[in-house]
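So this block is run.pdb, PDB, C-alpha atoms and all ligand atoms:
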```pdb
ATOM      1  CA  MET A   1     -46.680 -20.752 108.577
ATOM      2  CA  ALA A   2     -50.319 -19.903 109.206
ATOM      3  CA  ILE A   3     -52.579 -22.914 109.342
ATOM      4  CA  GLU A   4     -55.781 -22.229 107.486
ATOM      5  CA  PRO A   5     -58.754 -24.542 107.518
ATOM      6  CA  VAL A   6     -59.877 -25.659 104.093
ATOM      7  CA  VAL A   7     -63.374 -26.195 102.833
ATOM      8  CA  TYR A   8     -64.128 -27.746  99.485
ATOM      9  CA  GLY A   9     -67.369 -26.978  97.731
ATOM     10  CA  ALA A  10     -69.975 -24.463  98.683
ATOM     11  CA  SER A  11     -70.541 -25.384 102.314
ATOM     12  CA  GLU A  12     -71.591 -22.491 104.542
ATOM     13  CA  ARG A  13     -70.512 -24.368 107.633
ATOM     14  CA  PRO A  14     -67.005 -23.746 108.889
ATOM     15  CA  PRO A  15     -64.912 -26.926 108.955
ATOM     16  CA  ARG A  16     -65.169 -28.768 112.216
ATOM     17  CA  GLY A  17     -61.546 -29.558 112.931
ATOM     18  CA  ASP A  18     -59.361 -27.539 115.281
ATOM     19  CA  TYR A  19     -56.560 -26.385 112.991
ATOM     20  CA  ALA A  20     -54.715 -24.785 115.914
ATOM     21  CA  ARG A  21     -53.680 -28.334 116.873
ATOM     22  CA  ALA A  22     -51.921 -28.888 113.548
ATOM     23  CA  GLY A  23     -48.227 -28.430 112.834
ATOM     24  CA  ALA A  24     -46.753 -26.720 109.774
ATOM     25  CA  ASP A  25     -47.321 -29.898 107.751
ATOM     26  CA  TYR A  26     -50.954 -29.873 108.938
ATOM     27  CA  THR A  27     -50.579 -33.125 110.859
ATOM     28  CA  CYS A  28     -51.550 -33.557 114.505
ATOM     29  CA  PRO A  29     -51.330 -36.449 116.936
ATOM     30  CA  GLN A  30     -54.468 -38.545 117.325
ATOM     31  CA  ASP A  31     -55.899 -37.297 120.596
ATOM     32  CA  TYR A  32     -57.223 -40.694 121.609
ATOM     33  CA  ALA A  33     -58.337 -39.746 125.117
ATOM     34  CA  ARG A  34     -60.733 -37.192 123.647
ATOM     35  CA  TYR A  35     -63.035 -39.808 122.067
ATOM     36  CA  THR A  36     -66.226 -40.330 124.041
ATOM     37  CA  GLU A  37     -68.067 -43.623 124.417
ATOM     38  CA  GLN A  38     -70.586 -42.218 121.973
ATOM     39  CA  ASP A  39     -67.780 -41.655 119.431
ATOM     40  CA  HIS A  40     -66.633 -45.268 119.782
ATOM     41  CA  ASP A  41     -70.212 -46.461 119.471
ATOM     42  CA  THR A  42     -70.691 -44.434 116.262
ATOM     43  CA  TYR A  43     -67.574 -46.051 114.798
ATOM     44  CA  ARG A  44     -68.724 -49.526 115.844
ATOM     45  CA  ARG A  45     -72.150 -49.067 114.251
ATOM     46  CA  LEU A  46     -70.749 -47.577 111.037
ATOM     47  CA  TYR A  47     -68.201 -50.388 110.769
ATOM     48  CA  ALA A  48     -70.826 -53.084 111.345
ATOM     49  CA  ARG A  49     -73.268 -51.682 108.807
ATOM     50  CA  GLN A  50     -70.653 -51.069 106.149
ATOM     51  CA  SER A  51     -68.727 -54.338 106.497
ATOM     52  CA  ALA A  52     -71.976 -56.319 106.161
ATOM     53  CA  LEU A  53     -72.585 -54.665 102.767
ATOM     54  CA  LEU A  54     -69.207 -55.497 101.231
ATOM     55  CA  PRO A  55     -69.609 -59.036  99.805
ATOM     56  CA  GLY A  56     -70.411 -58.844  96.103
ATOM     57  CA  LEU A  57     -69.980 -55.060  96.048
ATOM     58  CA  ALA A  58     -66.446 -54.260  97.249
ATOM     59  CA  SER A  59     -63.209 -55.205  95.539
ATOM     60  CA  GLU A  60     -61.616 -58.451  96.730
ATOM     61  CA  ALA A  61     -58.396 -56.656  97.666
ATOM     62  CA  PHE A  62     -60.369 -54.291  99.885
ATOM     63  CA  ILE A  63     -62.279 -57.076 101.630
ATOM     64  CA  ALA A  64     -59.050 -59.023 102.171
ATOM     65  CA  ALA A  65     -57.273 -56.047 103.746
ATOM     66  CA  LEU A  66     -60.104 -54.679 105.897
ATOM     67  CA  PRO A  67     -59.238 -56.789 108.987
ATOM     68  CA  SER A  68     -55.832 -55.058 109.008
ATOM     69  CA  LEU A  69     -57.581 -51.989 110.451
ATOM     70  CA  GLY A  70     -57.871 -53.980 113.689
ATOM     71  CA  ALA A  71     -60.497 -52.858 116.189
ATOM     72  CA  GLU A  72     -64.072 -53.042 114.891
ATOM     73  CA  ASP A  73     -65.887 -52.058 118.035
ATOM     74  CA  ARG A  74     -63.865 -48.957 118.927
ATOM     75  CA  ILE A  75     -61.987 -46.272 117.015
ATOM     76  CA  PRO A  76     -58.589 -47.821 116.225
ATOM     77  CA  ARG A  77     -55.339 -46.226 117.344
ATOM     78  CA  PHE A  78     -53.290 -44.926 114.423
ATOM     79  CA  GLU A  79     -50.118 -46.389 115.941
ATOM     80  CA  ASP A  80     -51.651 -49.876 115.989
ATOM     81  CA  ILE A  81     -52.597 -49.631 112.311
ATOM     82  CA  ASN A  82     -49.142 -48.295 111.461
ATOM     83  CA  ALA A  83     -47.507 -51.286 113.166
ATOM     84  CA  ARG A  84     -49.129 -53.415 110.441
ATOM     85  CA  LEU A  85     -49.177 -50.950 107.535
ATOM     86  CA  LYS A  86     -45.533 -49.868 107.614
ATOM     87  CA  PRO A  87     -44.137 -53.399 107.267
ATOM     88  CA  ALA A  88     -46.740 -54.213 104.584
ATOM     89  CA  THR A  89     -46.202 -51.344 102.114
ATOM     90  CA  GLY A  90     -44.091 -48.668 103.815
ATOM     91  CA  TRP A  91     -47.136 -46.389 104.187
ATOM     92  CA  GLU A  92     -48.195 -44.805 107.453
ATOM     93  CA  ILE A  93     -51.250 -42.851 108.479
ATOM     94  CA  VAL A  94     -50.961 -39.455 110.144
ATOM     95  CA  GLY A  95     -53.673 -37.484 111.947
ATOM     96  CA  VAL A  96     -55.035 -34.220 110.500
ATOM     97  CA  PRO A  97     -57.792 -31.869 111.738
ATOM     98  CA  GLY A  98     -59.746 -32.234 108.474
ATOM     99  CA  LEU A  99     -59.247 -31.323 104.814
ATOM    100  CA  ILE A 100     -55.881 -29.718 104.163
ATOM    101  CA  PRO A 101     -54.577 -27.594 101.258
ATOM    102  CA  GLU A 102     -53.260 -29.190  98.102
ATOM    103  CA  VAL A 103     -49.495 -28.752  98.531
ATOM    104  CA  PRO A 104     -49.259 -30.238 102.049
ATOM    105  CA  PHE A 105     -51.686 -32.970 100.992
ATOM    106  CA  PHE A 106     -49.647 -33.934  97.932
ATOM    107  CA  THR A 107     -46.429 -33.695  99.974
ATOM    108  CA  LEU A 108     -47.720 -36.189 102.552
ATOM    109  CA  LEU A 109     -48.827 -38.641  99.855
ATOM    110  CA  ALA A 110     -45.521 -38.319  97.996
ATOM    111  CA  ASN A 111     -43.850 -39.353 101.288
ATOM    112  CA  ARG A 112     -46.185 -42.325 101.751
ATOM    113  CA  LYS A 113     -48.077 -40.664 104.592
ATOM    114  CA  PHE A 114     -51.865 -40.763 104.366
ATOM    115  CA  PRO A 115     -53.712 -38.001 106.248
ATOM    116  CA  VAL A 116     -56.604 -39.290 108.365
ATOM    117  CA  THR A 117     -59.088 -36.896 109.963
ATOM    118  CA  ASP A 118     -59.061 -37.718 113.672
ATOM    119  CA  TRP A 119     -62.626 -36.800 114.702
ATOM    120  CA  ILE A 120     -65.843 -38.716 114.070
ATOM    121  CA  ARG A 121     -69.277 -37.558 112.888
ATOM    122  CA  THR A 122     -72.161 -37.016 115.305
ATOM    123  CA  PRO A 123     -74.945 -39.611 115.566
ATOM    124  CA  GLU A 124     -77.187 -37.209 113.597
ATOM    125  CA  GLU A 125     -74.734 -37.477 110.694
ATOM    126  CA  PHE A 126     -74.725 -41.266 110.737
ATOM    127  CA  ASP A 127     -75.926 -41.615 107.129
ATOM    128  CA  TYR A 128     -74.348 -38.579 105.553
ATOM    129  CA  ILE A 129     -71.608 -36.116 106.358
ATOM    130  CA  VAL A 130     -70.363 -33.285 104.155
ATOM    131  CA  GLU A 131     -66.697 -33.419 105.248
ATOM    132  CA  PRO A 132     -64.515 -36.506 105.523
ATOM    133  CA  ASP A 133     -64.307 -37.852 109.089
ATOM    134  CA  ILE A 134     -62.259 -40.655 110.626
ATOM    135  CA  PHE A 135     -64.679 -43.315 109.440
ATOM    136  CA  HIS A 136     -64.471 -42.251 105.798
ATOM    137  CA  ASP A 137     -60.713 -41.821 105.939
ATOM    138  CA  LEU A 138     -59.902 -45.052 107.775
ATOM    139  CA  PHE A 139     -62.514 -47.462 106.493
ATOM    140  CA  GLY A 140     -62.620 -46.009 102.973
ATOM    141  CA  HIS A 141     -58.975 -45.289 102.235
ATOM    142  CA  VAL A 142     -56.653 -47.268 104.459
ATOM    143  CA  PRO A 143     -57.382 -50.925 103.547
ATOM    144  CA  LEU A 144     -56.146 -50.504  99.960
ATOM    145  CA  LEU A 145     -52.919 -48.907 101.208
ATOM    146  CA  PHE A 146     -52.083 -52.497 102.198
ATOM    147  CA  ASN A 147     -52.195 -53.415  98.480
ATOM    148  CA  PRO A 148     -48.699 -52.835  97.033
ATOM    149  CA  VAL A 149     -49.794 -51.704  93.567
ATOM    150  CA  PHE A 150     -52.527 -49.396  94.804
ATOM    151  CA  ALA A 151     -50.190 -48.030  97.477
ATOM    152  CA  ASP A 152     -47.665 -47.123  94.766
ATOM    153  CA  TYR A 153     -50.412 -45.443  92.740
ATOM    154  CA  VAL A 154     -51.362 -43.170  95.638
ATOM    155  CA  GLN A 155     -47.741 -42.136  96.164
ATOM    156  CA  ARG A 156     -47.339 -41.419  92.466
ATOM    157  CA  TYR A 157     -50.527 -39.383  92.589
ATOM    158  CA  GLY A 158     -48.960 -37.235  95.320
ATOM    159  CA  GLN A 159     -45.813 -36.695  93.265
ATOM    160  CA  GLY A 160     -47.996 -35.901  90.253
ATOM    161  CA  GLY A 161     -49.959 -33.436  92.383
ATOM    162  CA  LEU A 162     -46.857 -31.423  93.242
ATOM    163  CA  LYS A 163     -46.073 -31.266  89.552
ATOM    164  CA  ALA A 164     -49.668 -30.338  88.630
ATOM    165  CA  GLU A 165     -49.466 -27.548  91.200
ATOM    166  CA  ARG A 166     -46.448 -26.081  89.387
ATOM    167  CA  LEU A 167     -48.242 -26.425  86.057
ATOM    168  CA  GLY A 168     -51.548 -24.957  87.273
ATOM    169  CA  ALA A 169     -53.298 -28.242  86.491
ATOM    170  CA  CYS A 170     -54.652 -29.291  89.890
ATOM    171  CA  GLU A 171     -58.266 -29.193  88.816
ATOM    172  CA  MET A 172     -57.643 -31.714  86.042
ATOM    173  CA  LEU A 173     -55.583 -33.973  88.270
ATOM    174  CA  SER A 174     -58.106 -33.794  91.113
ATOM    175  CA  ARG A 175     -60.753 -35.259  88.830
ATOM    176  CA  LEU A 176     -58.549 -38.309  88.418
ATOM    177  CA  TYR A 177     -58.371 -38.587  92.216
ATOM    178  CA  TRP A 178     -62.115 -38.223  92.456
ATOM    179  CA  TYR A 179     -62.953 -40.824  89.823
ATOM    180  CA  THR A 180     -60.361 -43.375  90.998
ATOM    181  CA  ILE A 181     -59.317 -43.100  94.656
ATOM    182  CA  GLU A 182     -62.724 -41.771  95.777
ATOM    183  CA  PHE A 183     -65.284 -43.209  93.337
ATOM    184  CA  GLY A 184     -63.516 -45.877  91.284
ATOM    185  CA  LEU A 185     -65.058 -49.151  90.124
ATOM    186  CA  ILE A 186     -63.070 -52.229  89.087
ATOM    187  CA  ARG A 187     -64.009 -55.158  86.848
ATOM    188  CA  GLU A 188     -63.096 -58.370  88.703
ATOM    189  CA  ALA A 189     -63.620 -62.074  87.992
ATOM    190  CA  GLY A 190     -66.757 -61.965  90.121
ATOM    191  CA  GLY A 191     -68.150 -58.873  88.350
ATOM    192  CA  LEU A 192     -68.172 -55.141  88.891
ATOM    193  CA  ARG A 193     -66.879 -54.016  92.309
ATOM    194  CA  ALA A 194     -66.132 -50.748  94.102
ATOM    195  CA  TYR A 195     -62.644 -49.700  95.208
ATOM    196  CA  GLY A 196     -63.159 -45.940  95.732
ATOM    197  CA  ALA A 197     -63.233 -44.729  99.333
ATOM    198  CA  GLY A 198     -66.223 -42.419  98.867
ATOM    199  CA  ILE A 199     -68.263 -45.402  97.737
ATOM    200  CA  LEU A 200     -66.922 -47.907 100.250
ATOM    201  CA  SER A 201     -67.713 -45.678 103.228
ATOM    202  CA  SER A 202     -71.270 -44.931 102.020
ATOM    203  CA  SER A 203     -74.145 -47.321 102.715
ATOM    204  CA  GLY A 204     -76.255 -45.771  99.961
ATOM    205  CA  GLU A 205     -73.703 -45.309  97.207
ATOM    206  CA  LEU A 206     -72.054 -48.739  97.556
ATOM    207  CA  PRO A 207     -75.041 -50.689  96.173
ATOM    208  CA  TYR A 208     -76.026 -47.790  93.905
ATOM    209  CA  SER A 209     -72.655 -47.488  92.180
ATOM    210  CA  VAL A 210     -72.388 -51.209  91.439
ATOM    211  CA  GLN A 211     -76.006 -52.163  90.771
ATOM    212  CA  SER A 212     -78.166 -49.192  89.771
ATOM    213  CA  SER A 213     -79.002 -48.720  86.101
ATOM    214  CA  ALA A 214     -79.142 -44.931  86.572
ATOM    215  CA  PRO A 215     -75.465 -43.831  86.409
ATOM    216  CA  GLN A 216     -73.124 -43.981  83.418
ATOM    217  CA  ARG A 217     -70.261 -46.434  83.689
ATOM    218  CA  ARG A 218     -67.379 -46.146  81.256
ATOM    219  CA  PRO A 219     -63.858 -47.545  81.032
ATOM    220  CA  LEU A 220     -61.338 -45.231  82.689
ATOM    221  CA  GLN A 221     -59.750 -43.126  80.005
ATOM    222  CA  LEU A 222     -57.257 -40.580  81.230
ATOM    223  CA  GLU A 223     -58.225 -37.538  79.211
ATOM    224  CA  ARG A 224     -61.963 -38.123  79.416
ATOM    225  CA  THR A 225     -61.730 -38.525  83.186
ATOM    226  CA  MET A 226     -59.672 -35.369  83.651
ATOM    227  CA  ARG A 227     -62.268 -33.383  81.680
ATOM    228  CA  THR A 228     -65.294 -34.699  83.525
ATOM    229  CA  ARG A 229     -66.765 -32.508  86.240
ATOM    230  CA  TYR A 230     -68.144 -34.121  89.384
ATOM    231  CA  LYS A 231     -70.806 -33.650  92.024
ATOM    232  CA  ILE A 232     -69.705 -33.482  95.645
ATOM    233  CA  ASP A 233     -73.177 -33.481  97.209
ATOM    234  CA  SER A 234     -74.988 -36.354  95.475
ATOM    235  CA  PHE A 235     -74.312 -39.855  94.199
ATOM    236  CA  GLN A 236     -72.076 -39.760  91.126
ATOM    237  CA  GLU A 237     -73.694 -39.607  87.710
ATOM    238  CA  THR A 238     -70.684 -41.240  86.039
ATOM    239  CA  TYR A 239     -68.295 -43.919  87.307
ATOM    240  CA  PHE A 240     -65.060 -44.899  85.569
ATOM    241  CA  VAL A 241     -64.129 -48.576  85.560
ATOM    242  CA  ILE A 242     -60.631 -50.111  85.615
ATOM    243  CA  ASP A 243     -59.613 -53.711  84.906
ATOM    244  CA  SER A 244     -56.878 -53.922  87.545
ATOM    245  CA  PHE A 245     -54.808 -51.723  89.846
ATOM    246  CA  GLN A 246     -51.823 -52.505  87.646
ATOM    247  CA  ASP A 247     -53.723 -51.096  84.647
ATOM    248  CA  LEU A 248     -54.481 -47.950  86.628
ATOM    249  CA  PHE A 249     -50.828 -47.624  87.594
ATOM    250  CA  ASP A 250     -49.609 -48.162  84.026
ATOM    251  CA  MET A 251     -52.209 -45.841  82.525
ATOM    252  CA  THR A 252     -51.029 -42.959  84.702
ATOM    253  CA  ALA A 253     -47.277 -43.562  84.314
ATOM    254  CA  ALA A 254     -46.809 -41.146  81.384
ATOM    255  CA  ASP A 255     -45.707 -37.544  81.810
ATOM    256  CA  PHE A 256     -48.925 -35.558  82.250
ATOM    257  CA  ALA A 257     -47.434 -32.194  81.212
ATOM    258  CA  PRO A 258     -48.325 -32.599  77.505
ATOM    259  CA  VAL A 259     -51.687 -34.093  78.469
ATOM    260  CA  TYR A 260     -52.544 -30.998  80.531
ATOM    261  CA  GLU A 261     -51.497 -28.786  77.612
ATOM    262  CA  ARG A 262     -53.804 -30.605  75.231
ATOM    263  CA  LEU A 263     -56.708 -30.641  77.676
ATOM    264  CA  ARG A 264     -56.551 -26.908  78.268
ATOM    265  CA  GLY A 265     -57.880 -26.444  74.743
ATOM    266  CA  LEU A 266     -60.805 -28.833  75.218
ATOM    267  CA  PRO A 267     -64.165 -28.215  76.906
ATOM    268  CA  GLU A 268     -65.094 -29.770  80.225
ATOM    269  CA  ILE A 269     -67.605 -32.618  80.185
ATOM    270  CA  ALA A 270     -70.726 -32.611  82.362
ATOM    271  CA  ALA A 271     -70.910 -35.143  85.194
ATOM    272  CA  ASN A 272     -73.990 -36.721  83.603
ATOM    273  CA  ALA A 273     -72.840 -36.625  79.964
ATOM    274  CA  SER A 274     -73.571 -39.756  77.963
ATOM    275  CA  GLY A 275     -71.921 -40.928  74.743
ATOM    276  CA  ASP A 276     -68.433 -39.901  73.641
TER     277      ASP A 276
HETATM  278  N1  LIG B 301     -47.707 -39.425  85.591
HETATM  279  C1  LIG B 301     -48.231 -38.254  86.222
HETATM  280  C2  LIG B 301     -47.422 -36.990  85.822
HETATM  281  O1  LIG B 301     -46.443 -37.064  85.132
HETATM  282  C3  LIG B 301     -48.240 -38.401  87.734
HETATM  283  C4  LIG B 301     -49.340 -39.265  88.253
HETATM  284  C5  LIG B 301     -49.134 -40.611  88.534
HETATM  285  C6  LIG B 301     -50.574 -38.743  88.471
HETATM  286  C7  LIG B 301     -50.165 -41.392  89.028
HETATM  287  C8  LIG B 301     -51.611 -39.521  88.949
HETATM  288  C9  LIG B 301     -51.402 -40.842  89.242
HETATM  289  O2  LIG B 301     -47.810 -35.923  86.194
HETATM  290 FE    FE B 302     -61.604 -39.449 100.792
END
```

Is it possible to express this structure as structure tokens?
Ligand code: PHE
Ligand code: FE
Amino acid sequence: MAIEPVVYGASERPPRGDYARAGADYTCPQDYARYTEQDHDTYRRLYARQSALLPGLASEAFIAALPSLGAEDRIPRFEDINARLKPATGWEIVGVPGLIPEVPFFTLLANRKFPVTDWIRTPEEFDYIVEPDIFHDLFGHVPLLFNPVFADYVQRYGQGGLKAERLGACEMLSRLYWYTIEFGLIREAGGLRAYGAGILSSSGELPYSVQSSAPQRRPLQLERTMRTRYKIDSFQETYFVIDSFQDLFDMTAADFAPVYERLRGLPEIAANASGD
């Protein structure tokens, strides 16, 4: 099987990862010896800045699980994280060279394997990077894989992705991923908090998503969410809010096949649309 790099969006830059290192399932071992001291220092500085921002902005479950990543001052080893993650929820992380195509991505998730990009951004990209790197993937996504309900949701999303692929409905399903796993907000006892990885790994969007009066915030509603377009190169104009991970899990339990059928007849909704 030929391994093709994948780029989402309209980036002119080729993806950074070396896809020749990947196997047929797109995974590759974490080449730990390759990290430079500068790479470790970038991780340490990103981790320090981001973890200081979390209180009052990040979901309690995320804050509670973050220490399970281990090392804060160096890039962690995937095997060390897996020694804690596997016993906790049966998930494991696997290295990948960068973004991978939908079918292998869904297949990994359906098997409780979360793909983590194994390279880190350059110091020039400290505040913003167009592709996911190891900091986004580890810091943003992995802590909540220690939460049993959320971990089950991500697996079910992978299974649902394989089905959406057969039904030609990936675009609709990917919006659900975007507005939950990447940019989701949750209403907790303490107030509104972020649980989406794209928010949690961003120093700008974390306070913006929770506190700014500019974006729309609306309760997660399956069909509305799957019709709503999104921006990949700016802060979100709409966030969808859940009441609990259990609610999210229950809300997405139904067979989506008839939902996709119905949605095909309905127009898309702009990312910044207000009202119903
Ligand atoms: N219930 C969805 C289906 O039948 C699968 C799914 C579960 C999708 C959880 C997203 C999240 O296709
Ligand atoms: Fe992500």

### Message
Within 8 Å of (-49.9, -40.1, 109.7) (file coordinates; only C-alpha atoms), which protein or nucleic acid residues are there? I'd like them as a ChimeraX atom specification.
### Response
/A:27,78,92-96,113-116

Produce a file of the selected residues containing C-alpha atoms, as a short mmCIF file (atom, residue, chain, number, x, y, z; two decimals), keeping the file's coordinate frame.
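Final file, part_36.cif:
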```cif
data_model
loop_
_atom_site.label_atom_id
_atom_site.label_comp_id
_atom_site.auth_asym_id
_atom_site.auth_seq_id
_atom_site.Cartn_x
_atom_site.Cartn_y
_atom_site.Cartn_z
CA THR A 27 -50.58 -33.12 110.86
CA PHE A 78 -53.29 -44.93 114.42
CA GLU A 92 -48.20 -44.80 107.45
CA ILE A 93 -51.25 -42.85 108.48
CA VAL A 94 -50.96 -39.46 110.14
CA GLY A 95 -53.67 -37.48 111.95
CA VAL A 96 -55.04 -34.22 110.50
CA LYS A 113 -48.08 -40.66 104.59
CA PHE A 114 -51.86 -40.76 104.37
CA PRO A 115 -53.71 -38.00 106.25
CA VAL A 116 -56.60 -39.29 108.36
#
```

*Please provide the set of residues having any atom within 10 Å of A:Asp31, restricted to all atoms listed in the file, with same-chain residues fewer than 6 positions apart removed, written as an MDAnalysis selection string.*
chainID A and resid 21 77 95 118:119

Preceding selection exported with C-alpha atoms as an mmCIF file, in the frame of the given file:
```
data_model
loop_
_atom_site.group_PDB
_atom_site.id
_atom_site.type_symbol
_atom_site.label_atom_id
_atom_site.label_comp_id
_atom_site.auth_asym_id
_atom_site.auth_seq_id
_atom_site.Cartn_x
_atom_site.Cartn_y
_atom_site.Cartn_z
ATOM 1 C CA ARG A 21 -53.680 -28.334 116.873
ATOM 2 C CA ARG A 77 -55.339 -46.226 117.344
ATOM 3 C CA GLY A 95 -53.673 -37.484 111.947
ATOM 4 C CA ASP A 118 -59.061 -37.718 113.672
ATOM 5 C CA TRP A 119 -62.626 -36.800 114.702
#
```

**Item:** stretch 103-106 of chain A environment, 7 Å, all atoms listed in the file, sequence neighbours closer than 3 positions dropped, as a list of chain:residue names
**Value:** A:Asp25, A:Ile100, A:Leu109, A:Ala110, A:Gly158, A:Gln159, A:Gly161, A:Leu162

Counting all atoms listed in the file, which residues of chain A fall within 9 Å of ligand FE 302 (chain B), and what is the closest atom pair for each with its distance in Å at one decimal, ordered by chain and rising number, as a tab-separated table?
```
residue	atom	partner	partner_atom	distance
A:Pro132	CA	B:FE302	FE	6.3
A:Asp133	CA	B:FE302	FE	8.9
A:His136	CA	B:FE302	FE	6.4
A:Asp137	CA	B:FE302	FE	5.7
A:Gly140	CA	B:FE302	FE	7.0
A:His141	CA	B:FE302	FE	6.6
A:Trp178	CA	B:FE302	FE	8.4
A:Ile181	CA	B:FE302	FE	7.5
A:Glu182	CA	B:FE302	FE	5.6
A:Gly196	CA	B:FE302	FE	8.4
A:Ala197	CA	B:FE302	FE	5.7
A:Gly198	CA	B:FE302	FE	5.8
```

Exercise. Please identify every polymer residue within 10 Å of ligand LIG 301 (chain B), using only C-alpha atoms and all ligand atoms, and present the set as JSON, numbers by chain.
Key: {"A": [152, 153, 154, 155, 156, 157, 158, 159, 160, 161, 162, 163, 164, 165, 167, 169, 173, 174, 176, 177, 180, 181, 222, 248, 249, 250, 251, 252, 253, 254, 255, 256, 257, 258, 259, 260]}

Atom CA of A:Phe235 and atom CA of A:Ala48 are how many Å apart?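 Taking atom CA of A:Phe235 and atom CA of A:Ala48, their separation equals 21.9 Å.
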
Of A:Ala58, A:Val130, A:Met226, A:Leu46, the one sitting nearest A:Gln211 when using all atoms listed in the file is A:Ala58

For stretch 110-124 of chain A of the block above, can you save N, CA, C and O atoms as a PDB file, in the first residue's frame?
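Output file decode-v2.pdb is given in full below:
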```
ATOM      1  N   ALA A 110     -11.137   2.965  16.242  1.00  0.00           N
ATOM      2  CA  ALA A 110     -12.060   1.861  16.523  1.00  0.00           C
ATOM      3  C   ALA A 110     -11.358   0.760  17.317  1.00  0.00           C
ATOM      4  O   ALA A 110     -11.999  -0.016  18.021  1.00  0.00           O
ATOM      5  N   ASN A 111     -10.027   0.687  17.199  1.00  0.00           N
ATOM      6  CA  ASN A 111      -9.225  -0.295  17.943  1.00  0.00           C
ATOM      7  C   ASN A 111      -8.580   0.304  19.196  1.00  0.00           C
ATOM      8  O   ASN A 111      -7.622  -0.246  19.734  1.00  0.00           O
ATOM      9  N   ARG A 112      -9.093   1.411  19.636  1.00  0.00           N
ATOM     10  CA  ARG A 112      -8.597   2.107  20.829  1.00  0.00           C
ATOM     11  C   ARG A 112      -7.106   2.428  20.741  1.00  0.00           C
ATOM     12  O   ARG A 112      -6.345   2.296  21.707  1.00  0.00           O
ATOM     13  N   LYS A 113      -6.699   2.862  19.544  1.00  0.00           N
ATOM     14  CA  LYS A 113      -5.330   3.357  19.355  1.00  0.00           C
ATOM     15  C   LYS A 113      -5.430   4.802  18.886  1.00  0.00           C
ATOM     16  O   LYS A 113      -6.091   5.082  17.874  1.00  0.00           O
ATOM     17  N   PHE A 114      -4.790   5.718  19.630  1.00  0.00           N
ATOM     18  CA  PHE A 114      -4.872   7.123  19.250  1.00  0.00           C
ATOM     19  C   PHE A 114      -3.574   7.551  18.569  1.00  0.00           C
ATOM     20  O   PHE A 114      -2.494   7.453  19.157  1.00  0.00           O
ATOM     21  N   PRO A 115      -3.671   8.034  17.309  1.00  0.00           N
ATOM     22  CA  PRO A 115      -2.460   8.427  16.592  1.00  0.00           C
ATOM     23  C   PRO A 115      -1.904   9.762  17.098  1.00  0.00           C
ATOM     24  O   PRO A 115      -2.644  10.749  17.176  1.00  0.00           O
ATOM     25  N   VAL A 116      -0.644   9.775  17.436  1.00  0.00           N
ATOM     26  CA  VAL A 116       0.031  10.977  17.935  1.00  0.00           C
ATOM     27  C   VAL A 116       1.195  11.306  16.998  1.00  0.00           C
ATOM     28  O   VAL A 116       2.087  10.480  16.790  1.00  0.00           O
ATOM     29  N   THR A 117       1.158  12.496  16.426  1.00  0.00           N
ATOM     30  CA  THR A 117       2.250  12.980  15.587  1.00  0.00           C
ATOM     31  C   THR A 117       3.529  12.982  16.415  1.00  0.00           C
ATOM     32  O   THR A 117       3.518  13.432  17.562  1.00  0.00           O
ATOM     33  N   ASP A 118       4.640  12.498  15.872  1.00  0.00           N
ATOM     34  CA  ASP A 118       5.810  12.352  16.756  1.00  0.00           C
ATOM     35  C   ASP A 118       6.838  13.468  16.641  1.00  0.00           C
ATOM     36  O   ASP A 118       7.835  13.439  17.340  1.00  0.00           O
ATOM     37  N   TRP A 119       6.587  14.487  15.827  1.00  0.00           N
ATOM     38  CA  TRP A 119       7.544  15.613  15.769  1.00  0.00           C
ATOM     39  C   TRP A 119       6.938  16.853  16.416  1.00  0.00           C
ATOM     40  O   TRP A 119       5.717  16.941  16.586  1.00  0.00           O
ATOM     41  N   ILE A 120       7.813  17.789  16.781  1.00  0.00           N
ATOM     42  CA  ILE A 120       7.347  19.007  17.460  1.00  0.00           C
ATOM     43  C   ILE A 120       7.618  20.237  16.598  1.00  0.00           C
ATOM     44  O   ILE A 120       8.553  20.259  15.792  1.00  0.00           O
ATOM     45  N   ARG A 121       6.787  21.245  16.767  1.00  0.00           N
ATOM     46  CA  ARG A 121       6.911  22.514  16.031  1.00  0.00           C
ATOM     47  C   ARG A 121       8.262  23.186  16.273  1.00  0.00           C
ATOM     48  O   ARG A 121       8.938  22.908  17.269  1.00  0.00           O
ATOM     49  N   THR A 122       8.623  24.108  15.396  1.00  0.00           N
ATOM     50  CA  THR A 122       9.849  24.885  15.582  1.00  0.00           C
ATOM     51  C   THR A 122       9.563  26.030  16.568  1.00  0.00           C
ATOM     52  O   THR A 122       8.404  26.386  16.787  1.00  0.00           O
ATOM     53  N   PRO A 123      10.622  26.606  17.140  1.00  0.00           N
ATOM     54  CA  PRO A 123      10.392  27.740  18.053  1.00  0.00           C
ATOM     55  C   PRO A 123       9.618  28.888  17.376  1.00  0.00           C
ATOM     56  O   PRO A 123       8.841  29.581  18.037  1.00  0.00           O
ATOM     57  N   GLU A 124       9.793  29.067  16.079  1.00  0.00           N
ATOM     58  CA  GLU A 124       9.072  30.136  15.371  1.00  0.00           C
ATOM     59  C   GLU A 124       7.565  29.881  15.360  1.00  0.00           C
ATOM     60  O   GLU A 124       6.767  30.792  15.169  1.00  0.00           O
TER      61      GLU A 124
END
```
